[in-house]
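A quick write-up on the structure given underneath.
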Amino acid sequence: MAHIQVPTGVPGIRSLVMFRPETGEHLYNLAQALLRGVSPLTEAERELIAAYVSGRNECMFCMSSHAAASRCLYGEERNVVDEVLNDADRANITPKLKSLLHIAGRVQILGKEVTQNDIDDARSEGATDEEIHDAVLIAATFSMFNRYVDGLASFTPNDASAYEAMGERMAYNGYVSPQKQL
Amino acid sequence: MPHILVDKDLPGIRALLAFSPRTAEPMGVLAEALLRTSNGLAPAERELIATYVSHLNQCFYCDVSHGEIARCYLKGDGELVDEVRKGPDAAAIPEKLKTLLNIAGKVQKGGKYVTAEDVSAAKEAGATDADIHDTVLIAAAFCMFNRYVDGLAANTPADLASYEKRAAQVAEHGYGNHIYTTPQPV
């Protein structure tokens, strides 16, 4: 049960945003700008970084929902999502994306863990400033979302099909705060 | 030196916001909504939570910046800010704020560290659900801001007096795009 009185039966961050729409709207807008706005990284790649960081933070709700969104966006190449979640080093993805996931993993631990070597490696694989920026900010942002969702013990469905539907909604409709949908 | 090419005349997160205006906008309004409202916790209490979490995350830029903003709201009481940094238990603050800072410290480690006992202690000390919500979200948000600043090795001014001037600017005009689009306070 959640630590505070949020609407019952509503999963994860959605219930928290309904409790406090004043901040919730901006959280959704940040997710939309970061994961759907203009970026050299594809939406599928950005959702994959989000799922990867959430997995490392052991946030089941965010990991499952963003993995589902990423699978949806990857389409026929959807297997890479589970490969990355199992072992990013051995996943069938480009060396550049591997190097960005590595940076995201460092950020998940703490900002200062990112070394010049990590940045040099990413650059040698062709990563641009914009890509490095987005990888760091996605990892940082999910270090927030994961703590928000688990710090208030929000409802985490166990049913895989619930996440599949959520992932499809996130992939096709983007991040629209519950208030705006009413 | 920052890991990416940003405006070298802008300090800390301000240079990162200028690098990425599309994400700067929602981050600025989030900070404003979360830290500047008096609906429930006072702005001084909100900034103390932000300072404490930034201190635990060893993010010098955010730690000093938000400590100075807290000091503005506390009429210059920097000692209280330092006491909170050292550990809320021994600080001269009300029991409610102590229990909320305890929750913020747990969130800093990871969301799952917050226990039902931590939450009950806060409620017994008079915290409302909204206070607990805002505490968790402030702590979580600074786990983002701190990682953004240090993960990209943003410029960290050594000149401590400059933090005071930026803090006065935020205390007076709030957060938002103006902190990087208008001339830096001197």
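Ligands are numbered from 1 in the order shown, chains are lettered A, B, ... in the order of the structure tokens, and residues start at 1 in each chain.
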| Counting only C-alpha atoms, which residues from chain A have an atom at most 9 Å from any atom of chain B, and could you show them as a ChimeraX atom specification? | /A:3-5,16,19-20,22-31,33-34,37-38,57-59,103,106-116,119,128-130,132-133,136-137,139-153
Expected file contents, prior selection, C-alpha atoms, as an mmCIF file, in the first residue's frame:
```cif
data_model
loop_
_atom_site.group_PDB
_atom_site.id
_atom_site.type_symbol
_atom_site.label_atom_id
_atom_site.label_comp_id
_atom_site.auth_asym_id
_atom_site.auth_seq_id
_atom_site.Cartn_x
_atom_site.Cartn_y
_atom_site.Cartn_z
ATOM 1 C CA HIS A 3 2.686 5.583 2.035
ATOM 2 C CA ILE A 4 0.190 8.391 1.345
ATOM 3 C CA GLN A 5 -3.458 8.423 0.322
ATOM 4 C CA LEU A 16 1.222 10.280 -7.469
ATOM 5 C CA PHE A 19 -2.403 13.314 -5.842
ATOM 6 C CA ARG A 20 -0.296 16.380 -6.648
ATOM 7 C CA GLU A 22 0.805 21.011 -9.446
ATOM 8 C CA THR A 23 4.102 19.167 -9.815
ATOM 9 C CA GLY A 24 2.789 16.232 -11.831
ATOM 10 C CA GLU A 25 2.135 18.221 -14.963
ATOM 11 C CA HIS A 26 5.765 19.397 -15.104
ATOM 12 C CA LEU A 27 7.052 15.866 -14.531
ATOM 13 C CA TYR A 28 5.050 14.630 -17.511
ATOM 14 C CA ASN A 29 6.232 17.568 -19.624
ATOM 15 C CA LEU A 30 9.839 16.787 -18.708
ATOM 16 C CA ALA A 31 9.393 13.130 -19.701
ATOM 17 C CA ALA A 33 10.549 16.709 -23.832
ATOM 18 C CA LEU A 34 13.306 14.281 -22.898
ATOM 19 C CA GLY A 37 11.342 15.770 -28.136
ATOM 20 C CA VAL A 38 13.982 16.412 -30.809
ATOM 21 C CA ASN A 57 17.567 1.070 -9.470
ATOM 22 C CA GLU A 58 15.362 -2.023 -9.070
ATOM 23 C CA CYS A 59 12.248 0.027 -9.769
ATOM 24 C CA ILE A 103 27.662 6.365 -18.992
ATOM 25 C CA ARG A 106 27.695 5.485 -13.994
ATOM 26 C CA VAL A 107 25.186 8.319 -13.534
ATOM 27 C CA GLN A 108 22.803 5.869 -11.854
ATOM 28 C CA ILE A 109 25.480 5.339 -9.165
ATOM 29 C CA LEU A 110 26.329 9.052 -8.854
ATOM 30 C CA GLY A 111 27.220 11.955 -11.147
ATOM 31 C CA LYS A 112 30.878 11.983 -10.188
ATOM 32 C CA GLU A 113 31.271 8.343 -11.232
ATOM 33 C CA VAL A 114 31.351 9.425 -14.898
ATOM 34 C CA THR A 115 35.032 9.558 -15.877
ATOM 35 C CA GLN A 116 36.831 11.280 -18.717
ATOM 36 C CA ILE A 119 33.321 10.193 -22.245
ATOM 37 C CA THR A 128 28.029 13.721 -30.008
ATOM 38 C CA ASP A 129 27.654 16.256 -27.197
ATOM 39 C CA GLU A 130 23.868 16.116 -27.632
ATOM 40 C CA ILE A 132 26.053 12.396 -24.202
ATOM 41 C CA HIS A 133 23.876 15.136 -22.721
ATOM 42 C CA VAL A 136 23.214 11.693 -18.752
ATOM 43 C CA LEU A 137 19.940 13.567 -18.326
ATOM 44 C CA ALA A 139 19.790 8.553 -16.385
ATOM 45 C CA ALA A 140 19.540 11.453 -13.920
ATOM 46 C CA THR A 141 15.813 11.898 -14.524
ATOM 47 C CA PHE A 142 15.092 8.224 -13.949
ATOM 48 C CA SER A 143 17.127 8.379 -10.751
ATOM 49 C CA MET A 144 14.371 10.824 -9.766
ATOM 50 C CA PHE A 145 11.315 9.004 -11.170
ATOM 51 C CA ASN A 146 12.422 5.667 -9.668
ATOM 52 C CA ARG A 147 12.835 7.220 -6.205
ATOM 53 C CA TYR A 148 9.521 9.050 -6.480
ATOM 54 C CA VAL A 149 7.639 5.880 -7.407
ATOM 55 C CA ASP A 150 9.299 3.598 -4.827
ATOM 56 C CA GLY A 151 9.859 6.218 -2.111
ATOM 57 C CA LEU A 152 6.083 6.584 -1.811
ATOM 58 C CA ALA A 153 5.497 2.848 -2.355
#
```
| request: Just the residues within 9 Å of A:Lys98, please, counting only C-alpha atoms, with nothing from its chain fewer than 6 positions along; format it as a list in words. | output: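 In the requested form, the answer reads Val84, Ala88, Asp89, Ala91 and Ala122 of chain A.
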| said: What parts of chain B does DSSP call alpha helix (DSSP H)? I'd like the answer as number ranges by chain. | reply: B: 12-19, 21-35, 43-56, 60-73, 78-86, 95-109, 116-124, 129-151, 160-173, 178-181
| request: Go ahead and compute the interatomic distance for atom CA of B:Ala154 and atom CA of B:Ser54, in Å to one decimal. | output: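 Taking atom CA of B:Ala154 as the start and atom CA of B:Ser54 as the end point, the length is 14.7 Å.
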